[in-house]
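Below: the structure, in structure tokens.
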Amino acid sequence: MNWENNVRRVVPYTPGEQPKVSDIIKLNTNENPYPPAPGVQKILDDFDLARMRLYPDPNAEILVNALAETYHVKPSQIFVGVGSDDVISMAFLTFFNSERNILFPDVTYSFYDVWADVYKIPYQTVKLTEDFRINPEDYKIPNGGIIFPNPNAPTGVLESLDLIEEILQANPDSVVMIDEAYIDFGGISCLPLLEKYENLLVIQTFSKSRSMAGMRIGFAVGSEKLIKYMNDVKFSINSYTMNHLTLLCGAETLKDQEYFKSTTGKIIETRELTKKKLSESGFVFPDSKSNFIFASHPDYDAGLIFNKLKERKIFVRYWNKPRIDQYLRITVGTPEEMQKLFSALEEIMKK
């Protein structure tokens, strides 16, 4: 069994539960409760299945060009991948190669430390403040790179562009990655900062605001130099990462900005109502600018509420981890789903 001495051992990321039962309310993985743009259905209906015998375009030009037009950048500033997880993983592999620690928050997306372990990247977690905010002074130390989500996950806290720029100004020799998976639910993207900072990489996804988690589309926007380096690594590993159908559907959904604004607007409206209802029930939470709320109740154990909701086929996310073991992350669903959540919480807290 000596071969096991050479196995790369890591503790894998644990995704949100995907229940195999019907008639549930699924508020645990931050999926969009509304379908993709209507044009996507037409692409699916008209797709020539014979195309699947051919390799897809390795440059993903139809999607890259659509993204460049939508976000007003050059195609050479766009990198696409199989979900933002794939994009961030490739960015870790490309840019985080010094002997210094990379930096990310202690309460954040729990894939970052997994990638660091897989690629043998040294890292340091930086403690958020008591109200789950970033202190930019903590990022003004020697480092091998920086990454954090904005809004943060799982807290939903949005940091200002001024804070991000302060961190960028203090780190001209490091690549700074801002993971904007939830930016479309009320935040302001830091994309305009790309004009000033060659070392900034902005990552977004189609999984949340564009309702396409099942198709796995992510992208990064950065300087032409950063994107070229990422593509060099990608083409050294796997040139054909995105299939024909995904490329077509991704490009199609970008055309319908009216639908995009309508669905994100509905989620924002429901989120604000959910904040009001949860607050009235005694829950406390950071002010979320995402499609979820990170809530705690001073009188009820979060693990208990999690299990009681699960018994009622309502799934939310719970981590038994330091600092956050009394919080539940609740995805914003449809108004009808949230009303059932409120009713269940009222019943649970009466007992």
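Chain lettering (A, B, ...) mirrors the order of the structure tokens, residue numbering begins at 1 for each chain separately, and ligand numbering begins at 1 in order of display.
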Exercise. Got a sec: who's within 9 Å of A:Ile324, counting only C-alpha atoms, leaving out chain neighbours fewer than 6 positions off, as a list of chain:residue names?
Worked result: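 Close residues of A:Ile324: A:Val107, A:Ser296, A:Tyr318.
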Residues of stretch 134-232 of chain A at most 12 Å from stretch 239-255 of chain A: nearest atom pair and distance in Å, only C-alpha atoms, as a Markdown table:
| residue | atom | partner | partner_atom | distance |
| --- | --- | --- | --- | --- |
| A:Thr205 | CA | A:Gly250 | CA | 10.5 |
| A:Phe206 | CA | A:Gly250 | CA | 7.9 |
| A:Ser207 | CA | A:Gly250 | CA | 10.7 |
| A:Ser209 | CA | A:Thr253 | CA | 10.9 |
| A:Arg210 | CA | A:Thr253 | CA | 7.4 |
| A:Ser211 | CA | A:Thr253 | CA | 9.5 |
| A:Met212 | CA | A:Gly250 | CA | 8.4 |
| A:Ala213 | CA | A:Gly250 | CA | 11.2 |
| A:Gly214 | CA | A:Thr246 | CA | 9.9 |
| A:Met215 | CA | A:Thr246 | CA | 6.2 |
| A:Arg216 | CA | A:Thr246 | CA | 8.0 |
| A:Ile217 | CA | A:Gly250 | CA | 7.2 |
| A:Gly218 | CA | A:Gly250 | CA | 9.7 |
| A:Phe219 | CA | A:Gly250 | CA | 10.9 |
| A:Met230 | CA | A:Ser239 | CA | 11.9 |
| A:Asn231 | CA | A:Ser239 | CA | 9.0 |
| A:Asp232 | CA | A:Ser239 | CA | 9.8 |
For C-alpha atoms, I'd like the residues from the last selection saved as a tab-separated table (two decimals), in the first residue's frame.
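Final file, out.tsv:
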chain	number	residue	atom	x	y	z
A	205	THR	CA	-21.57	33.51	-12.51
A	206	PHE	CA	-24.77	32.66	-14.35
A	207	SER	CA	-25.83	30.35	-11.52
A	209	SER	CA	-29.02	35.97	-11.00
A	210	ARG	CA	-29.37	34.33	-14.43
A	211	SER	CA	-31.03	31.12	-13.18
A	212	MET	CA	-28.58	28.75	-14.88
A	213	ALA	CA	-26.90	26.86	-12.04
A	214	GLY	CA	-27.57	23.61	-13.89
A	215	MET	CA	-25.62	24.70	-16.98
A	216	ARG	CA	-22.44	25.73	-15.13
A	217	ILE	CA	-21.32	29.05	-16.62
A	218	GLY	CA	-18.85	31.31	-14.90
A	219	PHE	CA	-16.58	34.06	-16.15
A	230	MET	CA	-5.38	32.15	-17.38
A	231	ASN	CA	-6.04	30.93	-20.90
A	232	ASP	CA	-2.46	29.67	-21.21
Exercise. Do you know which residues are at most 6 Å from stretch 174-187 of chain A counting only C-alpha atoms, after dropping those on the same chain fewer than 6 positions away, and could you put them as a ChimeraX atom specification?
Worked result: /A:145-150,199-205,289-290
For this session: Output as JSON, numbers by chain all residues of stretch 246-347 of chain A that backbone DSSP marks as alpha helix (DSSP H).
Result: {"A": [246, 247, 248, 249, 250, 251, 252, 253, 254, 255, 257, 258, 259, 260, 261, 262, 263, 264, 265, 266, 267, 268, 269, 270, 271, 272, 273, 274, 275, 276, 277, 278, 279, 280, 302, 303, 304, 305, 306, 307, 308, 309, 310, 311, 335, 336, 337, 338, 339, 340, 341, 342, 343, 344, 345, 346, 347]}
Exercise. If you count only C-alpha atoms, which residues fall within 9 Å of stretch 268-277 of chain A, apart from same-chain ones fewer than 5 positions away, as a list of chain:residue names?
Worked result: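 My list of contacting residues is A:Phe185, A:Gly186, A:Thr263, A:Gly282, A:Phe283, A:Phe285, A:Asp287, A:Ser288, A:Lys289, A:Ser290, A:Asn291, A:Phe292, A:Ile293, A:Thr331, A:Val332, A:Gly333, A:Thr334, A:Pro335, A:Met338, A:Gln339, A:Phe342.
A straight line drawn from atom CA of A:Asp106 to atom CA of A:Val82 is 26.0 Å long.
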I want to know what sits within 7 Å of stretch 134-136 of chain A, based on only C-alpha atoms, with residues of the same chain fewer than 2 positions away left out; could you give that as a CSV table (one decimal) with N, CA and C atoms, in the first residue's frame?
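Done, and the output landed in part-v1.csv:
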chain,number,residue,atom,x,y,z
A,128,LEU,N,-13.0,38.5,10.2
A,128,LEU,CA,-13.9,39.6,10.0
A,128,LEU,C,-14.2,40.3,11.3
A,129,THR,N,-14.7,41.5,11.3
A,129,THR,CA,-15.1,42.2,12.5
A,129,THR,C,-16.3,41.5,13.1
A,132,PHE,N,-19.2,41.1,11.0
A,132,PHE,CA,-18.9,40.4,9.7
A,132,PHE,C,-18.4,41.3,8.6
A,138,ASP,N,-6.3,44.9,7.6
A,138,ASP,CA,-5.8,43.6,7.7
A,138,ASP,C,-5.2,43.0,6.4
A,139,TYR,N,-5.5,43.7,5.3
A,139,TYR,CA,-5.0,43.2,4.0
A,139,TYR,C,-3.8,44.0,3.5
A,163,LEU,N,-13.6,50.7,-0.3
A,163,LEU,CA,-12.8,49.7,0.5
A,163,LEU,C,-12.0,48.8,-0.4
A,166,GLU,N,-9.1,50.6,-1.8
A,166,GLU,CA,-8.1,50.8,-0.7
A,166,GLU,C,-7.2,49.6,-0.7
A,167,ILE,N,-7.8,48.4,-0.7
A,167,ILE,CA,-7.0,47.1,-0.7
A,167,ILE,C,-6.2,47.0,-2.0
